file upload-v4.cif (mmCIF, C-alpha atoms and all ligand atoms)
data_model
loop_
_atom_site.label_atom_id
_atom_site.label_comp_id
_atom_site.auth_asym_id
_atom_site.auth_seq_id
_atom_site.Cartn_x
_atom_site.Cartn_y
_atom_site.Cartn_z
CA MET A 1 -11.53 -171.34 -84.14
CA LYS A 2 -13.79 -168.40 -83.21
CA GLU A 3 -15.59 -169.08 -79.91
CA GLY A 4 -19.28 -168.34 -79.59
CA ILE A 5 -20.70 -166.40 -76.68
CA LEU A 6 -24.14 -165.90 -75.23
CA TYR A 7 -24.74 -162.50 -73.62
CA VAL A 8 -27.62 -162.27 -71.14
CA ILE A 9 -28.60 -158.62 -71.48
CA GLY A 10 -30.59 -156.70 -68.87
CA GLY A 11 -32.96 -154.12 -70.37
CA PRO A 12 -35.41 -151.51 -69.05
CA ILE A 13 -38.34 -152.37 -66.75
CA GLY A 14 -40.22 -149.33 -68.00
CA ASN A 15 -38.14 -146.26 -68.68
CA LEU A 16 -36.31 -146.91 -71.95
CA GLU A 17 -33.29 -144.94 -70.75
CA ASP A 18 -32.54 -147.59 -68.15
CA ILE A 19 -30.11 -149.49 -70.34
CA THR A 20 -26.38 -149.48 -69.81
CA LEU A 21 -23.79 -148.10 -72.23
CA ARG A 22 -22.22 -151.54 -72.28
CA ALA A 23 -25.54 -153.19 -73.19
CA LEU A 24 -25.83 -150.82 -76.18
CA GLU A 25 -22.26 -151.56 -77.24
CA VAL A 26 -22.79 -155.32 -76.99
CA LEU A 27 -26.12 -155.11 -78.85
CA ARG A 28 -24.30 -153.38 -81.73
CA SER A 29 -21.72 -156.18 -81.88
CA LEU A 30 -24.08 -159.17 -81.99
CA ASP A 31 -24.70 -161.59 -84.82
CA VAL A 32 -28.16 -162.46 -83.49
CA LEU A 33 -30.39 -161.11 -80.73
CA LEU A 34 -32.98 -163.41 -79.18
CA CYS A 35 -36.05 -161.46 -78.05
CA GLU A 36 -39.00 -162.59 -75.99
CA ASP A 37 -41.08 -160.37 -78.26
CA THR A 38 -39.22 -158.97 -81.25
CA ARG A 39 -41.67 -156.05 -81.65
CA ARG A 40 -41.14 -154.87 -78.10
CA THR A 41 -37.36 -155.13 -78.21
CA ARG A 42 -37.30 -153.33 -81.57
CA ILE A 43 -38.64 -150.23 -79.82
CA ILE A 44 -35.39 -150.12 -77.82
CA LEU A 45 -33.21 -150.98 -80.81
CA GLU A 46 -34.82 -148.21 -82.88
CA LYS A 47 -34.49 -145.66 -80.10
CA TYR A 48 -30.72 -146.25 -80.05
CA GLY A 49 -30.29 -146.73 -83.81
CA ILE A 50 -29.13 -150.35 -83.46
CA LYS A 51 -29.43 -152.71 -86.39
CA VAL A 52 -29.17 -156.37 -85.44
CA LYS A 53 -30.78 -159.56 -86.65
CA THR A 54 -33.52 -160.60 -84.21
CA LEU A 55 -35.07 -163.99 -83.52
CA SER A 56 -37.98 -164.71 -81.21
CA TYR A 57 -37.23 -166.79 -78.13
CA ASN A 58 -40.07 -167.33 -75.71
CA GLU A 59 -41.78 -169.98 -73.60
CA HIS A 60 -43.78 -171.18 -76.61
CA ASN A 61 -40.87 -171.85 -78.96
CA GLU A 62 -37.90 -172.47 -76.65
CA ASN A 63 -37.85 -176.27 -77.19
CA LYS A 64 -37.40 -175.71 -80.89
CA ARG A 65 -35.05 -172.74 -80.49
CA ILE A 66 -32.54 -174.18 -78.02
CA PRO A 67 -30.86 -176.62 -80.49
CA GLU A 68 -30.89 -173.93 -83.21
CA VAL A 69 -29.23 -171.38 -80.95
CA ILE A 70 -26.69 -173.87 -79.61
CA GLU A 71 -25.72 -174.59 -83.22
CA LEU A 72 -25.12 -170.88 -83.83
CA LEU A 73 -23.04 -170.60 -80.67
CA GLU A 74 -21.02 -173.68 -81.53
CA ALA A 75 -20.36 -172.17 -84.97
CA GLY A 76 -18.72 -169.22 -83.16
CA LEU A 77 -21.50 -166.61 -83.31
CA LYS A 78 -22.16 -163.87 -80.78
CA VAL A 79 -25.72 -164.22 -79.54
CA GLY A 80 -27.59 -161.98 -77.10
CA ILE A 81 -30.84 -162.58 -75.26
CA MET A 82 -33.26 -159.93 -73.98
CA SER A 83 -36.68 -160.27 -72.43
CA ASP A 84 -39.63 -157.88 -72.53
CA ALA A 85 -38.61 -156.32 -69.24
CA GLY A 86 -35.56 -156.37 -67.00
CA THR A 87 -33.21 -159.30 -66.82
CA PRO A 88 -33.77 -162.46 -68.86
CA CYS A 89 -34.12 -165.69 -66.80
CA ILE A 90 -35.60 -163.77 -63.85
CA SER A 91 -39.26 -164.89 -64.06
CA ASP A 92 -38.66 -164.76 -67.81
CA PRO A 93 -37.39 -167.14 -70.52
CA GLY A 94 -33.68 -167.84 -70.83
CA TYR A 95 -32.75 -170.25 -68.06
CA ARG A 96 -33.06 -173.41 -70.15
CA LEU A 97 -30.87 -171.98 -72.90
CA VAL A 98 -28.24 -170.79 -70.42
CA ARG A 99 -28.20 -174.22 -68.80
CA GLU A 100 -27.76 -176.00 -72.12
CA ALA A 101 -24.96 -173.61 -73.10
CA ARG A 102 -23.25 -174.16 -69.72
CA LYS A 103 -23.48 -177.94 -70.05
CA ARG A 104 -21.70 -177.68 -73.40
CA GLY A 105 -18.98 -175.39 -72.10
CA ILE A 106 -20.13 -172.40 -74.17
CA ASN A 107 -19.28 -168.95 -72.80
CA VAL A 108 -22.20 -167.18 -71.16
CA SER A 109 -21.66 -163.61 -69.99
CA PRO A 110 -24.00 -161.23 -68.13
CA ILE A 111 -24.60 -157.65 -69.19
CA PRO A 112 -26.27 -156.56 -65.95
CA GLY A 113 -29.17 -154.16 -65.99
CA PRO A 114 -32.43 -153.50 -64.16
CA SER A 115 -34.57 -156.12 -62.53
CA ALA A 116 -37.87 -155.32 -60.82
CA VAL A 117 -36.94 -157.43 -57.77
CA VAL A 118 -33.84 -155.39 -56.96
CA ALA A 119 -35.43 -152.07 -57.91
CA ALA A 120 -38.40 -152.73 -55.59
CA LEU A 121 -36.27 -154.03 -52.76
CA SER A 122 -33.91 -151.06 -52.95
CA VAL A 123 -36.71 -148.59 -52.21
CA SER A 124 -38.76 -150.80 -49.89
CA GLY A 125 -37.39 -149.59 -46.57
CA LEU A 126 -37.42 -153.25 -45.46
CA PRO A 127 -34.28 -155.20 -44.50
CA THR A 128 -32.22 -155.91 -47.62
CA ASP A 129 -29.28 -157.80 -46.11
CA SER A 130 -30.93 -161.09 -46.95
CA PHE A 131 -34.14 -161.76 -48.81
CA VAL A 132 -36.17 -164.45 -50.54
CA PHE A 133 -37.30 -163.84 -54.08
CA GLU A 134 -40.36 -165.97 -54.76
CA GLY A 135 -41.18 -164.67 -58.26
CA PHE A 136 -44.77 -165.48 -59.22
CA LEU A 137 -46.81 -167.59 -56.81
CA PRO A 138 -48.59 -170.73 -58.06
CA ARG A 139 -52.04 -169.86 -59.39
CA LYS A 140 -53.84 -172.99 -58.11
CA LYS A 141 -55.56 -172.36 -54.82
CA GLY A 142 -54.11 -175.24 -52.76
CA LYS A 143 -50.49 -174.88 -53.89
CA ARG A 144 -50.71 -171.12 -53.55
CA LYS A 145 -51.97 -171.27 -49.99
CA LYS A 146 -49.28 -173.79 -49.02
CA LYS A 147 -46.55 -171.59 -50.51
CA LEU A 148 -47.88 -168.51 -48.71
CA GLN A 149 -48.02 -170.41 -45.40
CA GLU A 150 -44.41 -171.46 -45.91
CA LEU A 151 -43.35 -167.89 -46.72
CA ALA A 152 -45.17 -166.52 -43.68
CA GLU A 153 -42.64 -168.44 -41.51
CA GLU A 154 -39.67 -166.86 -43.32
CA ARG A 155 -37.50 -164.48 -41.30
CA ARG A 156 -35.92 -162.88 -44.35
CA THR A 157 -37.66 -160.20 -46.40
CA VAL A 158 -39.93 -161.80 -49.01
CA VAL A 159 -40.31 -160.40 -52.53
CA ILE A 160 -43.20 -161.50 -54.77
CA TYR A 161 -44.13 -160.59 -58.36
CA GLU A 162 -47.81 -160.28 -59.07
CA SER A 163 -49.84 -159.49 -62.15
CA VAL A 164 -52.56 -156.90 -62.21
CA HIS A 165 -55.21 -159.64 -62.41
CA ARG A 166 -54.34 -161.13 -59.04
CA ILE A 167 -52.98 -158.26 -56.97
CA GLU A 168 -56.18 -157.71 -54.98
CA ARG A 169 -56.50 -161.43 -54.34
CA LEU A 170 -52.87 -161.46 -53.16
CA LEU A 171 -53.44 -158.59 -50.73
CA ASP A 172 -56.43 -160.48 -49.25
CA GLU A 173 -54.38 -163.66 -48.95
CA LEU A 174 -51.48 -161.84 -47.27
CA GLN A 175 -53.80 -160.22 -44.78
CA GLU A 176 -55.22 -163.62 -43.89
CA ILE A 177 -51.98 -165.62 -43.79
CA PHE A 178 -49.26 -163.09 -42.85
CA GLY A 179 -51.38 -160.78 -40.69
CA ASP A 180 -50.88 -157.03 -40.63
CA ARG A 181 -47.15 -157.04 -41.51
CA GLU A 182 -45.09 -154.16 -42.82
CA VAL A 183 -45.01 -154.28 -46.60
CA CYS A 184 -43.94 -152.19 -49.54
CA LEU A 185 -46.06 -152.22 -52.68
CA ALA A 186 -44.17 -150.99 -55.74
CA ARG A 187 -46.26 -150.24 -58.81
CA GLU A 188 -45.09 -149.23 -62.30
CA LEU A 189 -41.46 -148.63 -61.27
CA THR A 190 -39.56 -146.19 -63.51
CA LYS A 191 -42.75 -145.41 -65.45
CA LEU A 192 -44.97 -142.35 -65.55
CA HIS A 193 -47.32 -143.60 -62.83
CA GLU A 194 -44.67 -145.00 -60.50
CA GLU A 195 -46.03 -145.45 -56.98
CA VAL A 196 -44.35 -146.95 -53.92
CA LEU A 197 -46.55 -147.50 -50.85
CA PHE A 198 -45.10 -148.44 -47.48
CA GLY A 199 -46.70 -149.34 -44.16
CA ARG A 200 -48.75 -152.07 -42.51
CA LEU A 201 -50.68 -154.14 -45.03
CA SER A 202 -53.98 -152.57 -43.93
CA GLU A 203 -52.53 -149.06 -44.40
CA VAL A 204 -51.13 -149.86 -47.84
CA ARG A 205 -54.47 -151.27 -48.96
CA GLU A 206 -56.12 -148.11 -47.76
CA LYS A 207 -53.64 -145.95 -49.71
CA LEU A 208 -53.81 -147.98 -52.94
CA LYS A 209 -56.23 -146.14 -55.20
CA THR A 210 -55.30 -147.51 -58.61
CA VAL A 211 -55.11 -151.22 -59.26
CA LYS A 212 -53.43 -150.99 -62.65
CA GLY A 213 -49.98 -151.80 -63.99
CA GLU A 214 -47.20 -154.05 -62.74
CA PHE A 215 -46.54 -154.80 -59.09
CA VAL A 216 -43.85 -156.07 -56.81
CA ILE A 217 -44.75 -156.67 -53.19
CA THR A 218 -42.04 -156.82 -50.54
CA ILE A 219 -42.99 -158.18 -47.11
CA LYS A 220 -41.11 -157.97 -43.84
CA GLY A 221 -39.91 -161.33 -42.55
CA ARG A 222 -41.40 -162.80 -39.37
CA ASP A 223 -40.07 -161.41 -36.08
N1 LIG B 301 -37.40 -160.21 -66.00
C1 LIG B 301 -38.11 -159.23 -65.24
C2 LIG B 301 -37.20 -158.67 -64.16
O1 LIG B 301 -35.97 -158.80 -64.28
O2 LIG B 301 -37.70 -158.06 -63.21
C3 LIG B 301 -39.41 -159.78 -64.67
C4 LIG B 301 -40.40 -160.21 -65.71
S1 LIG B 301 -41.89 -160.85 -65.07
C5 LIG B 301 -42.57 -161.65 -66.47
C6 LIG B 301 -42.91 -159.46 -64.96
C7 LIG B 301 -43.23 -159.07 -63.53
O3 LIG B 301 -42.15 -158.27 -63.02
C8 LIG B 301 -44.46 -158.18 -63.39
O4 LIG B 301 -45.65 -158.96 -63.27
C9 LIG B 301 -44.16 -157.43 -62.11
O5 LIG B 301 -44.43 -158.24 -60.98
C10 LIG B 301 -42.64 -157.23 -62.22
N2 LIG B 301 -42.32 -155.96 -62.90
C11 LIG B 301 -41.73 -155.80 -64.11
N3 LIG B 301 -41.59 -154.49 -64.39
C12 LIG B 301 -42.09 -153.81 -63.33
C13 LIG B 301 -42.23 -152.42 -63.03
N4 LIG B 301 -41.83 -151.48 -63.88
N5 LIG B 301 -42.78 -152.08 -61.84
C14 LIG B 301 -43.20 -153.02 -60.97
N6 LIG B 301 -43.11 -154.34 -61.22
C15 LIG B 301 -42.55 -154.73 -62.38
#
call {"tool": "encode", "arguments": {"input": "upload-v4.cif", "output": "structure tokens"}}
result
Amino acid sequence: MKEGILYVIGGPIGNLEDITLRALEVLRSLDVLLCEDTRRTRIILEKYGIKVKTLSYNEHNENKRIPEVIELLEAGLKVGIMSDAGTPCISDPGYRLVREARKRGINVSPIPGPSAVVAALSVSGLPTDSFVFEGFLPRKKGKRKKKLQELAEERRTVVIYESVHRIERLLDELQEIFGDREVCLARELTKLHEEVLFGRLSEVREKLKTVKGEFVITIKGRD
């Protein structure tokens, strides 16, 4: 019997050319591609002339989708998953499907590609031998403060994702809780307005002129 497989496919975090040759080859071979947002992923598919059946898979419909997708995989289909940016499951949908597939012994294979965490860390100039990836912080004030206090004690480099709406708030919170640490603020990586600022927190805040786009902040661990 034909065995199904789920490919977890890393895609661009901005520049559409950041997609591997293998990802393109696998995309061409799929029976179904799960997309966080089918319209966004179609931009990539069209650029590379790839025709594949797409199905939306996102945080709003994953409960309904998981059994449907498992059925396809158990019927022997090749299924891929891509998110709007970077690697699925990394602060993006996918984990629950991968877990369900794993529990059922279905093949799950990575097609590695960009991820903002690694891209930001690689140019941060901060120690990369070991690091903590926190993803997005809790939004609620109390939980957020507690998490930041915990992270301030960390000796490894800390990497945080932040949305444009909260980046200024985050810089204020870091100043208060972490003090004037060395940080690297990466904005709009691989895009037209890419900017990477390095220095003490107070210096980086001084240098940051545009508070627009997507951000990753990397913070030096405690001495
Ligand atoms: N799955 C993605 C990955 O592998 O990096 C992360 C998706 S998460 C929903 C989106 C967050 O990733 C943004 O809020 C930002 O913190 C970060 N991010 C994504 N693309 C970025 C870019 N081009 N430059 C800087 N940060 C980016």
call {"tool": "closest_residue", "arguments": {"input": "upload-v4.cif", "among": "A:Leu45, A:Leu77, A:Leu16, A:Val32", "to": "ligand LIG 301 (chain B)", "atoms": "only C-alpha atoms and all ligand atoms"}}
result
A:Leu16
call {"tool": "residues_near_ligand", "arguments": {"input": "upload-v4.cif", "ligand": "ligand LIG 301 (chain B)", "cutoff": "7 Å", "atoms": "all atoms listed in the file", "output": "PyMOL selection string"}}
result
chain A and resi 13-14+83+85-92+114-117+161-163+186-191+214-216
call {"tool": "closest_residue", "arguments": {"input": "upload-v4.cif", "among": "A:Leu174, A:Leu97, A:Leu21, A:Ile219", "to": "Glu59 (chain A)", "atoms": "only C-alpha atoms"}}
result
A:Leu97
call {"tool": "atom_distance", "arguments": {"input": "upload-v4.cif", "atom1": "CA of Gly135 (chain A)", "atom2": "CA of Leu24 (chain A)"}}
result
27.4 Å
call {"tool": "atom_distance", "arguments": {"input": "upload-v4.cif", "atom1": "CA of Pro93 (chain A)", "atom2": "CA of Ile217 (chain A)"}}
result
21.5 Å
call {"tool": "atom_distance", "arguments": {"input": "upload-v4.cif", "atom1": "CA of Ser109 (chain A)", "atom2": "CA of Leu72 (chain A)"}}
result
16.0 Å
call {"tool": "residues_near_point", "arguments": {"input": "upload-v4.cif", "point": "(-34.8, -158.7, -87.3)", "cutoff": "10 Å", "atoms": "only C-alpha atoms", "output": "list in words"}}
result
Val32, Leu33, Leu34, Cys35, Thr38, Arg39, Arg42, Lys51, Val52, Lys53, Thr54, Leu55 and Ser56 of chain A
call {"tool": "axis_aligned_box", "arguments": {"input": "upload-v4.cif", "around": "region 194-205 of chain A", "padding_each_side": "6 Å", "output": "AutoDock Vina command-line options"}}
result
--center_x -49.4 --center_y -149.6 --center_z -51.5 --size_x 22.1 --size_y 21.1 --size_z 30.0
call {"tool": "closest_residue", "arguments": {"input": "upload-v4.cif", "among": "A:Ile50, A:Ala101, A:Ile9, A:Val132", "to": "Pro67 (chain A)", "atoms": "all atoms listed in the file"}}
result
A:Ala101
call {"tool": "residues_around", "arguments": {"input": "upload-v4.cif", "residues": "Gly221 (chain A)", "least_positions_apart": "3", "cutoff": "9 Å", "atoms": "all atoms listed in the file", "output": "PyMOL selection string"}}
result
chain A and resi 126-127+131+151-158+181-182
call {"tool": "write_last_selection", "arguments": {"input": "upload-v4.cif", "atoms": "C-alpha atoms", "output": "PDB file, in the frame of the given file"}}
result
ATOM      1  CA  LEU A 126     -37.420-153.250 -45.460  1.00  0.00           C
ATOM      2  CA  PRO A 127     -34.280-155.200 -44.500  1.00  0.00           C
ATOM      3  CA  PHE A 131     -34.140-161.760 -48.810  1.00  0.00           C
ATOM      4  CA  LEU A 151     -43.350-167.890 -46.720  1.00  0.00           C
ATOM      5  CA  ALA A 152     -45.170-166.520 -43.680  1.00  0.00           C
ATOM      6  CA  GLU A 153     -42.640-168.440 -41.510  1.00  0.00           C
ATOM      7  CA  GLU A 154     -39.670-166.860 -43.320  1.00  0.00           C
ATOM      8  CA  ARG A 155     -37.500-164.480 -41.300  1.00  0.00           C
ATOM      9  CA  ARG A 156     -35.920-162.880 -44.350  1.00  0.00           C
ATOM     10  CA  THR A 157     -37.660-160.200 -46.400  1.00  0.00           C
ATOM     11  CA  VAL A 158     -39.930-161.800 -49.010  1.00  0.00           C
ATOM     12  CA  ARG A 181     -47.150-157.040 -41.510  1.00  0.00           C
ATOM     13  CA  GLU A 182     -45.090-154.160 -42.820  1.00  0.00           C
TER      14      GLU A 182
END
call {"tool": "residues_near_point", "arguments": {"input": "upload-v4.cif", "point": "(-24.6, -163.5, -79.4)", "cutoff": "7 Å", "atoms": "all atoms listed in the file", "output": "list in words"}}
result
Ile5, Leu6, Tyr7, Leu30, Asp31, Val32, Leu33, Leu77, Lys78, Val79 and Gly80 of chain A
call {"tool": "write_last_selection", "arguments": {"input": "upload-v4.cif", "atoms": "C-alpha atoms", "output": "mmCIF file, in the coordinates of the input"}}
result
data_model
loop_
_atom_site.group_PDB
_atom_site.id
_atom_site.type_symbol
_atom_site.label_atom_id
_atom_site.label_comp_id
_atom_site.auth_asym_id
_atom_site.auth_seq_id
_atom_site.Cartn_x
_atom_site.Cartn_y
_atom_site.Cartn_z
ATOM 1 C CA ILE A 5 -20.700 -166.400 -76.680
ATOM 2 C CA LEU A 6 -24.140 -165.900 -75.230
ATOM 3 C CA TYR A 7 -24.740 -162.500 -73.620
ATOM 4 C CA LEU A 30 -24.080 -159.170 -81.990
ATOM 5 C CA ASP A 31 -24.700 -161.590 -84.820
ATOM 6 C CA VAL A 32 -28.160 -162.460 -83.490
ATOM 7 C CA LEU A 33 -30.390 -161.110 -80.730
ATOM 8 C CA LEU A 77 -21.500 -166.610 -83.310
ATOM 9 C CA LYS A 78 -22.160 -163.870 -80.780
ATOM 10 C CA VAL A 79 -25.720 -164.220 -79.540
ATOM 11 C CA GLY A 80 -27.590 -161.980 -77.100
#
call {"tool": "decode", "arguments": {"input": "upload-v4.cif", "residues": "region 151-174 of chain A", "atoms": "N, CA, C and O atoms", "output": "compact mmCIF listing (two decimals), in the first residue's frame"}}
result
# COMPACT_ATOMS: atom_id res chain seq x y z
N LEU A 151 13.11 35.53 32.09
CA LEU A 151 14.09 35.58 30.99
C LEU A 151 15.30 36.46 31.34
O LEU A 151 16.40 36.22 30.86
N ALA A 152 15.07 37.44 32.19
CA ALA A 152 16.16 38.34 32.57
C ALA A 152 17.24 37.59 33.35
O ALA A 152 18.39 38.03 33.43
N GLU A 153 16.88 36.45 33.96
CA GLU A 153 17.84 35.63 34.72
C GLU A 153 18.61 34.65 33.83
O GLU A 153 19.54 33.99 34.26
N GLU A 154 18.18 34.52 32.60
CA GLU A 154 18.74 33.55 31.65
C GLU A 154 20.17 33.92 31.26
O GLU A 154 20.45 35.08 30.99
N ARG A 155 21.06 32.93 31.23
CA ARG A 155 22.44 33.22 30.82
C ARG A 155 22.63 33.03 29.33
O ARG A 155 23.59 33.50 28.75
N ARG A 156 21.72 32.29 28.71
CA ARG A 156 21.82 32.10 27.25
C ARG A 156 21.22 33.31 26.53
O ARG A 156 20.40 34.04 27.11
N THR A 157 21.59 33.46 25.27
CA THR A 157 21.00 34.53 24.45
C THR A 157 19.50 34.29 24.32
O THR A 157 19.06 33.14 24.17
N VAL A 158 18.72 35.35 24.42
CA VAL A 158 17.25 35.22 24.37
C VAL A 158 16.73 35.83 23.06
O VAL A 158 17.11 36.95 22.71
N VAL A 159 15.88 35.09 22.37
CA VAL A 159 15.31 35.59 21.11
C VAL A 159 13.79 35.70 21.26
O VAL A 159 13.14 34.73 21.67
N ILE A 160 13.25 36.87 20.93
CA ILE A 160 11.81 37.12 21.08
C ILE A 160 11.24 37.65 19.77
O ILE A 160 11.86 38.48 19.10
N TYR A 161 10.06 37.16 19.41
CA TYR A 161 9.31 37.71 18.27
C TYR A 161 8.39 38.80 18.82
O TYR A 161 7.79 38.62 19.87
N GLU A 162 8.27 39.89 18.08
CA GLU A 162 7.30 40.89 18.50
C GLU A 162 6.62 41.51 17.30
O GLU A 162 7.22 41.65 16.23
N SER A 163 5.35 41.84 17.49
CA SER A 163 4.59 42.45 16.39
C SER A 163 4.80 43.96 16.45
O SER A 163 5.17 44.51 17.49
N VAL A 164 4.51 44.59 15.35
CA VAL A 164 4.70 46.03 15.24
C VAL A 164 3.90 46.79 16.30
O VAL A 164 4.31 47.85 16.77
N HIS A 165 2.76 46.21 16.71
CA HIS A 165 1.89 46.92 17.67
C HIS A 165 2.50 47.04 19.06
O HIS A 165 2.12 47.89 19.84
N ARG A 166 3.39 46.08 19.39
CA ARG A 166 3.90 46.06 20.76
C ARG A 166 5.40 46.28 20.87
O ARG A 166 5.95 46.17 21.95
N ILE A 167 6.06 46.62 19.78
CA ILE A 167 7.52 46.67 19.84
C ILE A 167 8.01 47.79 20.78
O ILE A 167 8.94 47.59 21.56
N GLU A 168 7.32 48.93 20.75
CA GLU A 168 7.78 50.02 21.62
C GLU A 168 7.55 49.67 23.09
O GLU A 168 8.41 49.93 23.93
N ARG A 169 6.41 49.05 23.33
CA ARG A 169 6.11 48.59 24.70
C ARG A 169 7.19 47.60 25.14
O ARG A 169 7.70 47.69 26.26
N LEU A 170 7.57 46.70 24.25
CA LEU A 170 8.59 45.69 24.61
C LEU A 170 9.93 46.36 24.92
O LEU A 170 10.60 45.98 25.89
N LEU A 171 10.30 47.35 24.15
CA LEU A 171 11.59 48.02 24.41
C LEU A 171 11.56 48.70 25.78
O LEU A 171 12.55 48.65 26.52
N ASP A 172 10.43 49.29 26.13
CA ASP A 172 10.28 49.91 27.47
C ASP A 172 10.42 48.86 28.56
O ASP A 172 11.11 49.05 29.56
N GLU A 173 9.72 47.73 28.35
CA GLU A 173 9.74 46.66 29.36
C GLU A 173 11.15 46.09 29.53
O GLU A 173 11.58 45.81 30.65
N LEU A 174 11.86 45.92 28.42
CA LEU A 174 13.22 45.37 28.50
C LEU A 174 14.13 46.32 29.27
O LEU A 174 14.92 45.90 30.10
